[in-house]
>>> print(open('structure_38.cif').read())   # mmCIF, C-alpha atoms and all ligand atoms
data_run
loop_
_atom_site.label_atom_id
_atom_site.label_comp_id
_atom_site.auth_asym_id
_atom_site.auth_seq_id
_atom_site.Cartn_x
_atom_site.Cartn_y
_atom_site.Cartn_z
CA MET B 61 -2.46 14.95 -17.09
CA GLU B 62 -2.91 18.45 -15.73
CA ASN B 63 -5.92 18.96 -17.97
CA GLY B 64 -9.35 18.37 -16.57
CA GLY B 65 -10.23 17.67 -12.99
CA LEU B 66 -9.84 14.85 -10.57
CA GLN B 67 -12.98 13.16 -11.89
CA ASP B 68 -11.48 12.99 -15.40
CA ARG B 69 -8.19 11.65 -14.08
CA LEU B 70 -10.02 8.98 -12.10
CA GLU B 71 -11.95 7.94 -15.23
CA MET B 72 -8.68 7.69 -17.16
CA ILE B 73 -7.11 5.59 -14.37
CA LYS B 74 -10.12 3.28 -14.21
CA SER B 75 -10.04 2.68 -17.93
CA LYS B 76 -6.31 1.84 -17.83
CA LEU B 77 -6.96 -0.40 -14.83
CA ALA B 78 -9.70 -2.20 -16.76
CA ASP B 79 -7.42 -2.63 -19.80
CA ALA B 80 -4.61 -4.04 -17.64
CA CYS B 81 -7.08 -6.49 -16.05
CA GLY B 82 -8.30 -7.45 -19.52
CA ARG B 83 -4.78 -8.12 -20.76
CA SER B 84 -4.02 -10.37 -17.79
CA GLY B 85 -7.37 -12.13 -17.41
CA ARG B 86 -8.11 -10.57 -14.03
CA ASN B 87 -11.25 -9.16 -12.47
CA GLU B 88 -11.43 -5.39 -12.09
CA SER B 89 -13.09 -5.92 -8.72
CA ASP B 90 -9.90 -7.59 -7.46
CA VAL B 91 -7.87 -4.39 -7.78
CA GLU B 92 -8.44 -1.47 -5.41
CA ILE B 93 -7.11 2.04 -5.84
CA VAL B 94 -5.41 3.52 -2.79
CA ALA B 95 -5.45 7.27 -3.41
CA VAL B 96 -2.18 8.54 -1.95
CA ALA B 97 -2.88 11.95 -0.45
CA LYS B 98 0.52 13.01 0.89
CA GLY B 99 1.00 16.68 0.25
CA VAL B 100 -2.66 17.01 -0.75
CA GLY B 101 -5.21 19.02 1.23
CA TYR B 102 -8.40 17.68 2.78
CA GLU B 103 -10.54 19.42 0.15
CA ALA B 104 -8.99 17.31 -2.60
CA VAL B 105 -9.40 14.19 -0.47
CA ASP B 106 -13.10 14.93 -0.05
CA GLU B 107 -13.35 15.50 -3.80
CA ALA B 108 -11.72 12.12 -4.45
CA VAL B 109 -14.07 10.40 -2.05
CA ALA B 110 -17.07 12.08 -3.69
CA ALA B 111 -15.77 10.78 -7.04
CA GLY B 112 -15.82 7.22 -5.71
CA ILE B 113 -12.44 6.62 -4.06
CA GLY B 114 -12.83 4.29 -1.07
CA ILE B 115 -9.28 4.19 0.32
CA ILE B 116 -6.88 7.04 1.10
CA GLY B 117 -3.19 6.29 1.67
CA GLU B 118 -0.87 8.42 3.80
CA ASN B 119 2.81 7.95 4.53
CA ARG B 120 3.25 10.36 7.43
CA ILE B 121 1.46 10.07 10.75
CA GLN B 122 1.48 13.75 11.54
CA GLU B 123 0.02 14.76 8.20
CA ALA B 124 -2.68 12.10 8.47
CA ALA B 125 -3.56 13.11 12.03
CA GLN B 126 -4.16 16.68 10.89
CA LYS B 127 -6.11 15.79 7.77
CA ILE B 128 -8.34 12.93 8.89
CA PRO B 129 -10.53 15.00 11.26
CA LEU B 130 -11.07 17.60 8.51
CA CYS B 131 -12.32 15.13 5.92
CA THR B 132 -16.05 14.65 5.80
CA GLY B 133 -16.35 11.81 3.28
CA ARG B 134 -16.67 8.21 4.44
CA VAL B 135 -13.43 6.49 3.49
CA GLU B 136 -10.80 4.09 4.81
CA TRP B 137 -7.34 5.43 5.70
CA HIS B 138 -4.33 3.20 5.04
CA MET B 139 -0.77 3.75 6.26
CA ILE B 140 1.71 3.17 3.42
CA GLY B 141 4.93 4.70 4.80
CA HIS B 142 7.69 3.65 7.18
CA LEU B 143 6.46 3.52 10.79
CA GLN B 144 8.62 4.47 13.75
CA SER B 145 8.14 2.62 17.03
CA ASN B 146 6.98 5.69 18.90
CA LYS B 147 4.25 6.34 16.29
CA VAL B 148 2.70 2.88 16.27
CA ARG B 149 0.06 3.69 18.84
CA ASN B 150 -1.01 6.76 16.84
CA ALA B 151 -1.09 4.73 13.67
CA VAL B 152 -3.36 2.14 15.23
CA GLY B 153 -5.73 4.93 16.24
CA LEU B 154 -5.77 6.52 12.79
CA PHE B 155 -5.64 3.74 10.21
CA SER B 156 -7.72 0.76 9.24
CA MET B 157 -4.81 -0.97 7.52
CA ILE B 158 -0.99 -0.78 7.47
CA HIS B 159 0.72 -1.71 4.19
CA SER B 160 4.28 -1.02 5.26
CA VAL B 161 5.25 -3.29 8.15
CA ASP B 162 9.02 -3.61 7.78
CA SER B 163 10.27 -5.17 11.02
CA LEU B 164 9.23 -7.75 13.57
CA LYS B 165 9.53 -5.11 16.26
CA ILE B 166 6.91 -2.92 14.58
CA LEU B 167 4.68 -5.94 14.02
CA ARG B 168 4.82 -6.78 17.73
CA LEU B 169 4.09 -3.18 18.72
CA ILE B 170 1.09 -3.05 16.39
CA ASN B 171 -0.17 -6.27 17.94
CA GLU B 172 0.28 -4.90 21.47
CA ALA B 173 -1.53 -1.66 20.69
CA CYS B 174 -4.36 -3.59 19.05
CA VAL B 175 -4.70 -5.90 22.06
CA GLU B 176 -5.17 -2.80 24.23
CA GLU B 177 -7.69 -1.31 21.82
CA GLY B 178 -9.53 -4.59 21.42
CA ARG B 179 -9.16 -4.64 17.66
CA THR B 180 -7.33 -6.40 14.86
CA MET B 181 -5.11 -4.65 12.32
CA PRO B 182 -4.89 -5.92 8.73
CA VAL B 183 -1.31 -5.53 7.52
CA CYS B 184 1.01 -6.26 4.63
CA LEU B 185 4.65 -7.16 5.13
CA GLU B 186 6.88 -4.86 3.10
CA VAL B 187 9.48 -6.85 1.18
CA ASN B 188 12.67 -5.37 -0.22
CA VAL B 189 12.66 -7.45 -3.38
CA SER B 190 15.47 -5.52 -5.08
CA GLY B 191 17.79 -5.65 -2.08
CA GLU B 192 18.66 -1.95 -2.42
CA ALA B 193 20.26 -0.69 0.79
CA SER B 194 18.16 2.49 0.69
CA LYS B 195 14.86 0.57 0.80
CA GLN B 196 12.81 -0.39 3.84
CA GLY B 197 11.36 -3.83 4.10
CA PHE B 198 12.19 -7.40 5.01
CA ALA B 199 14.79 -9.26 3.01
CA PRO B 200 12.98 -12.15 1.31
CA VAL B 201 14.97 -14.72 3.30
CA GLU B 202 13.62 -13.28 6.57
CA VAL B 203 9.95 -13.59 5.75
CA PRO B 204 9.22 -17.28 6.45
CA ALA B 205 10.48 -16.85 10.05
CA VAL B 206 8.44 -13.65 10.42
CA LEU B 207 5.32 -15.49 9.28
CA GLU B 208 6.04 -18.13 11.94
CA GLN B 209 6.16 -15.36 14.56
CA CYS B 210 2.83 -13.99 13.27
CA ARG B 211 1.06 -17.12 14.50
CA GLY B 212 1.49 -15.83 18.04
CA LEU B 213 0.28 -12.31 17.21
CA MET B 214 -3.46 -12.72 17.39
CA ASN B 215 -4.33 -9.06 16.77
CA VAL B 216 -2.56 -8.62 13.44
CA ASP B 217 -4.00 -10.11 10.31
CA VAL B 218 -1.38 -10.54 7.58
CA LEU B 219 -3.27 -10.04 4.33
CA GLY B 220 -0.31 -9.98 1.98
CA LEU B 221 2.88 -8.32 0.81
CA MET B 222 3.90 -4.86 -0.30
CA THR B 223 6.90 -3.63 -2.27
CA ILE B 224 8.41 -0.49 -3.75
CA PRO B 225 10.63 -1.33 -6.74
CA PRO B 226 13.70 0.64 -7.78
CA PHE B 227 12.96 3.72 -9.86
CA THR B 228 13.14 3.18 -13.62
CA GLU B 229 12.07 5.44 -16.47
CA ASP B 230 10.52 2.52 -18.30
CA PRO B 231 7.74 0.77 -16.33
CA GLU B 232 8.73 -2.52 -17.97
CA GLY B 233 11.96 -2.30 -15.97
CA VAL B 234 10.07 -3.00 -12.73
CA ARG B 235 8.07 -5.96 -13.99
CA PRO B 236 10.61 -8.51 -12.66
CA TYR B 237 10.27 -7.10 -9.11
CA PHE B 238 6.47 -7.25 -9.18
CA ARG B 239 6.57 -10.75 -10.63
CA LYS B 240 9.05 -11.83 -7.96
CA LEU B 241 6.79 -10.53 -5.18
CA ARG B 242 3.89 -12.55 -6.60
CA GLU B 243 6.03 -15.68 -6.81
CA LEU B 244 7.23 -15.21 -3.23
CA ARG B 245 3.63 -14.69 -2.15
CA ASP B 246 2.59 -17.97 -3.79
CA GLU B 247 5.55 -19.81 -2.30
CA TRP B 248 5.00 -18.47 1.23
CA SER B 249 1.24 -18.98 1.13
CA ALA B 250 1.84 -22.64 0.33
CA SER B 251 4.59 -23.12 2.92
CA SER B 252 3.11 -21.13 5.81
CA GLY B 253 -0.58 -21.82 5.42
CA PHE B 254 -1.26 -18.07 5.66
CA GLU B 255 -3.60 -16.83 2.98
CA LEU B 256 -1.45 -14.04 1.59
CA GLY B 257 -3.91 -12.97 -1.06
CA GLY B 258 -2.97 -9.30 -1.19
CA LEU B 259 -0.24 -7.62 -3.19
CA SER B 260 0.23 -3.89 -2.59
CA MET B 261 2.36 -2.79 -5.54
CA GLY B 262 2.32 -0.26 -8.36
CA MET B 263 2.38 3.55 -8.27
CA SER B 264 1.52 6.24 -10.81
CA ASN B 265 4.25 5.37 -13.29
CA ASP B 266 3.97 1.58 -13.18
CA PHE B 267 0.52 0.54 -11.92
CA GLU B 268 -0.54 -1.09 -15.17
CA VAL B 269 2.47 -3.42 -15.11
CA ALA B 270 1.79 -4.11 -11.41
CA ILE B 271 -1.82 -5.08 -12.20
CA GLU B 272 -0.65 -7.42 -14.95
CA GLU B 273 1.61 -9.06 -12.36
CA GLY B 274 -1.14 -9.48 -9.77
CA ALA B 275 -1.45 -6.25 -7.72
CA THR B 276 -4.58 -6.12 -5.56
CA TRP B 277 -3.90 -2.58 -4.29
CA VAL B 278 -2.31 0.10 -6.47
CA ARG B 279 -1.10 3.20 -4.63
CA LEU B 280 -1.68 6.25 -6.81
CA GLY B 281 -0.73 9.78 -5.86
CA ARG B 282 0.34 12.12 -8.66
CA LEU B 283 -1.73 10.47 -11.37
CA LEU B 284 -4.93 11.07 -9.43
CA PHE B 285 -4.27 14.29 -7.54
CA GLY B 286 -1.93 15.98 -9.99
CA ARG B 287 1.21 17.68 -8.82
CA ARG B 288 1.99 17.63 -5.10
CA ASN B 289 3.08 20.51 -2.92
CA GLY B 290 6.59 20.09 -1.71
CA CYS B 291 6.81 16.30 -1.84
C1 LIG E 1 3.99 8.60 -2.57
C2 LIG E 1 3.77 7.16 -2.53
C3 LIG E 1 3.00 6.50 -3.51
C4 LIG E 1 2.36 7.22 -4.67
O1 LIG E 1 3.33 7.67 -5.56
P1 LIG E 1 2.91 8.37 -6.94
O2 LIG E 1 4.10 8.22 -7.78
O3 LIG E 1 2.56 9.77 -6.61
O4 LIG E 1 1.74 7.60 -7.47
C5 LIG E 1 2.84 5.15 -3.39
N1 LIG E 1 3.38 4.43 -2.38
C6 LIG E 1 4.14 5.02 -1.43
C7 LIG E 1 4.71 4.18 -0.36
C8 LIG E 1 4.34 6.40 -1.48
O5 LIG E 1 5.10 6.97 -0.52
#
>>> encode(input="structure_38.cif", output="structure tokens")
Amino acid sequence: MENGGLQDRLEMIKSKLADACGRSGRNESDVEIVAVAKGVGYEAVDEAVAAGIGIIGENRIQEAAQKIPLCTGRVEWHMIGHLQSNKVRNAVGLFSMIHSVDSLKILRLINEACVEEGRTMPVCLEVNVSGEASKQGFAPVEVPAVLEQCRGLMNVDVLGLMTIPPFTEDPEGVRPYFRKLRELRDEWSASSGFELGGLSMGMSNDFEVAIEEGATWVRLGRLLFGRRNGC
């Protein structure tokens, strides 16, 4: 993995992505790579964008705020980490999508900030499928009521669901969590009338399994950028 440059790693990722789509009868064009740039400098981000990456993911507002003005490539920036209330306004200014909405309070604040800015924010609701206490996200039982509340929030556009499964050595160990998120998505799309087409799931160690289970965004950090500094 440390051999070769970013371009080679991206080629390797794309070929695995294509194989996973082939195995599951999906279209490659339905899966987007979110290049997770936490701990990675702007030079590497520009290199990734030059190599064809169209979306950069960040999980800390402060790091993103410093990096975004330095990057010259044309690219979308997506927030993928836990948002604090007092950072929502910043996030709305910096990002074109938020994958990690984990409370109704944050959803309302995003809506408010977007009303003021005269824009709409595409979001995913983060779901804690495993129920681990250490994980952010809505408990599955909460989500139908949250979707009801979303009807009144005209400036957020709920595109789908996001999850982070428990860590396992074997990527097959997380398949049930990805599958569950897809099943919940299908169930809630039918019951709420929201078109929850998007599934943000899968990271460096398990993205192929996530694609087989329906991921539409895979969030890849280490596999694309190599080792991170201090994260
Ligand atoms: C860091 C991070 C990723 C990427 O993780 P890798 O294992 O480096 O691919 C994906 N999603 C979130 C929310 C992250 O914080």
>>> closest_residue(input="structure_38.cif", among="B:Leu130, B:Ile271, B:Met222, B:Ala78", to="ligand LIG 1 (chain E)", atoms="all atoms listed in the file")
B:Met222
>>> residues_near_ligand(input="structure_38.cif", ligand="ligand LIG 1 (chain E)", cutoff="10 Å", atoms="all atoms listed in the file", output="count of residues only")
40
>>> residues_near_point(input="structure_38.cif", point="(2.0, -18.9, 4.2)", cutoff="12 Å", atoms="all atoms listed in the file", output="tab-separated table (two decimals) with C-alpha atoms, in the coordinates of the input")
chain	number	residue	atom	x	y	z
B	203	VAL	CA	9.95	-13.59	5.75
B	204	PRO	CA	9.22	-17.28	6.45
B	205	ALA	CA	10.48	-16.85	10.05
B	206	VAL	CA	8.44	-13.65	10.42
B	207	LEU	CA	5.32	-15.49	9.28
B	208	GLU	CA	6.04	-18.13	11.94
B	209	GLN	CA	6.16	-15.36	14.56
B	210	CYS	CA	2.83	-13.99	13.27
B	211	ARG	CA	1.06	-17.12	14.50
B	218	VAL	CA	-1.38	-10.54	7.58
B	219	LEU	CA	-3.27	-10.04	4.33
B	220	GLY	CA	-0.31	-9.98	1.98
B	221	LEU	CA	2.88	-8.32	0.81
B	244	LEU	CA	7.23	-15.21	-3.23
B	245	ARG	CA	3.63	-14.69	-2.15
B	246	ASP	CA	2.59	-17.97	-3.79
B	247	GLU	CA	5.55	-19.81	-2.30
B	248	TRP	CA	5.00	-18.47	1.23
B	249	SER	CA	1.24	-18.98	1.13
B	250	ALA	CA	1.84	-22.64	0.33
B	251	SER	CA	4.59	-23.12	2.92
B	252	SER	CA	3.11	-21.13	5.81
B	253	GLY	CA	-0.58	-21.82	5.42
B	254	PHE	CA	-1.26	-18.07	5.66
B	255	GLU	CA	-3.60	-16.83	2.98
B	256	LEU	CA	-1.45	-14.04	1.59
B	257	GLY	CA	-3.91	-12.97	-1.06
>>> atom_distance(input="structure_38.cif", atom1="CA of Lys240 in chain B", atom2="CA of Trp277 in chain B")
16.3 Å
>>> closest_residue(input="structure_38.cif", among="B:Gln126, B:Gln144, B:Ser194, B:Gln67", to="Ala110 in chain B", atoms="only C-alpha atoms")
B:Gln67
>>> residues_around(input="structure_38.cif", residues="Lys147 in chain B", least_positions_apart="3", cutoff="10 Å", atoms="all atoms listed in the file", output="PyMOL selection string")
chain B and resi 120-122+143-144+150-152+166+169-170
>>> residues_around(input="structure_38.cif", residues="Val91 in chain B", least_positions_apart="4", cutoff="9 Å", atoms="all atoms listed in the file", output="list in words")
Leu77, Cys81, Arg86, Asn87, Ile271, Gly274, Ala275, Thr276, Trp277 and Val278 of chain B
>>> closest_residue(input="structure_38.cif", among="B:Ala270, B:Val183, B:Val201, B:Ala173", to="Ser156 in chain B", atoms="all atoms listed in the file")
B:Val183
>>> closest_residue(input="structure_38.cif", among="B:Ile116, B:Ile93, B:Leu241, B:Val216", to="Asn171 in chain B", atoms="all atoms listed in the file")
B:Val216
>>> decode(input="structure_38.cif", residues="range 116-206 of chain B", atoms="C-alpha atoms", output="CSV table (one decimal), in the first residue's frame")
chain,number,residue,atom,x,y,z
B,116,ILE,CA,-13.1,15.5,-0.1
B,117,GLY,CA,-14.3,14.5,3.4
B,118,GLU,CA,-13.3,16.2,6.6
B,119,ASN,CA,-14.3,15.4,10.2
B,120,ARG,CA,-13.0,18.5,11.9
B,121,ILE,CA,-14.2,22.0,11.2
B,122,GLN,CA,-11.1,23.8,12.2
B,123,GLU,CA,-8.9,21.6,10.0
B,124,ALA,CA,-11.2,22.0,7.1
B,125,ALA,CA,-11.4,25.8,7.6
B,126,GLN,CA,-7.6,26.0,7.4
B,127,LYS,CA,-7.2,23.7,4.4
B,128,ILE,CA,-10.1,24.7,2.1
B,129,PRO,CA,-8.7,28.1,1.2
B,130,LEU,CA,-5.3,26.6,0.4
B,131,CYS,CA,-6.7,24.0,-2.1
B,132,THR,CA,-6.7,25.1,-5.7
B,133,GLY,CA,-8.5,22.2,-7.3
B,134,ARG,CA,-12.3,22.3,-8.0
B,135,VAL,CA,-13.8,19.8,-5.6
B,136,GLU,CA,-16.8,19.4,-3.2
B,137,TRP,CA,-16.1,19.3,0.6
B,138,HIS,CA,-18.3,17.0,2.7
B,139,MET,CA,-18.5,17.0,6.5
B,140,ILE,CA,-18.3,13.4,7.8
B,141,GLY,CA,-17.6,14.0,11.6
B,142,HIS,CA,-19.6,14.8,14.7
B,143,LEU,CA,-20.8,18.4,14.6
B,144,GLN,CA,-21.1,20.6,17.7
B,145,SER,CA,-23.9,23.1,17.9
B,146,ASN,CA,-21.6,26.1,18.0
B,147,LYS,CA,-19.8,24.9,14.8
B,148,VAL,CA,-23.0,24.5,12.7
B,149,ARG,CA,-22.8,27.9,11.1
B,150,ASN,CA,-19.2,27.4,10.1
B,151,ALA,CA,-20.0,24.0,8.7
B,152,VAL,CA,-22.8,25.5,6.5
B,153,GLY,CA,-20.3,28.0,5.2
B,154,LEU,CA,-17.6,25.4,4.4
B,155,PHE,CA,-19.4,22.3,3.2
B,156,SER,CA,-21.7,21.3,0.4
B,157,MET,CA,-23.0,18.2,2.2
B,158,ILE,CA,-23.1,16.9,5.8
B,159,HIS,CA,-23.0,13.1,6.2
B,160,SER,CA,-23.1,13.0,10.0
B,161,VAL,CA,-26.3,14.6,11.3
B,162,ASP,CA,-26.8,12.8,14.6
B,163,SER,CA,-29.4,14.8,16.5
B,164,LEU,CA,-32.6,16.7,15.8
B,165,LYS,CA,-31.1,19.8,17.4
B,166,ILE,CA,-28.2,19.8,14.9
B,167,LEU,CA,-30.6,19.3,12.1
B,168,ARG,CA,-32.7,22.3,13.2
B,169,LEU,CA,-29.6,24.4,13.5
B,170,ILE,CA,-28.4,23.5,10.0
B,171,ASN,CA,-31.8,24.4,8.7
B,172,GLU,CA,-31.8,27.7,10.5
B,173,ALA,CA,-28.3,28.6,9.2
B,174,CYS,CA,-29.3,27.6,5.6
B,175,VAL,CA,-32.5,29.7,5.8
B,176,GLU,CA,-30.2,32.7,6.6
B,177,GLU,CA,-27.8,31.9,3.8
B,178,GLY,CA,-30.6,31.3,1.4
B,179,ARG,CA,-29.4,27.8,0.5
B,180,THR,CA,-30.3,24.1,1.0
B,181,MET,CA,-28.0,21.6,2.7
B,182,PRO,CA,-28.0,17.9,1.5
B,183,VAL,CA,-27.5,15.7,4.6
B,184,CYS,CA,-27.5,12.1,5.7
B,185,LEU,CA,-28.8,11.0,9.1
B,186,GLU,CA,-26.2,9.0,11.0
B,187,VAL,CA,-27.6,5.9,12.4
B,188,ASN,CA,-26.1,3.9,15.2
B,189,VAL,CA,-27.0,0.5,13.8
B,190,SER,CA,-24.8,-1.5,16.3
B,191,GLY,CA,-26.2,0.3,19.4
B,192,GLU,CA,-22.6,0.8,20.8
B,193,ALA,CA,-22.7,3.4,23.5
B,194,SER,CA,-19.5,5.0,22.2
B,195,LYS,CA,-21.0,5.7,18.8
B,196,GLN,CA,-22.8,8.9,17.6
B,197,GLY,CA,-25.9,8.6,15.6
B,198,PHE,CA,-29.7,8.1,16.0
B,199,ALA,CA,-31.0,4.9,17.4
B,200,PRO,CA,-33.0,3.2,14.6
B,201,VAL,CA,-36.2,3.6,16.6
B,202,GLU,CA,-35.8,7.4,16.6
B,203,VAL,CA,-35.5,7.8,12.9
B,204,PRO,CA,-39.2,7.7,11.7
B,205,ALA,CA,-40.1,10.6,14.1
B,206,VAL,CA,-37.0,12.5,12.9
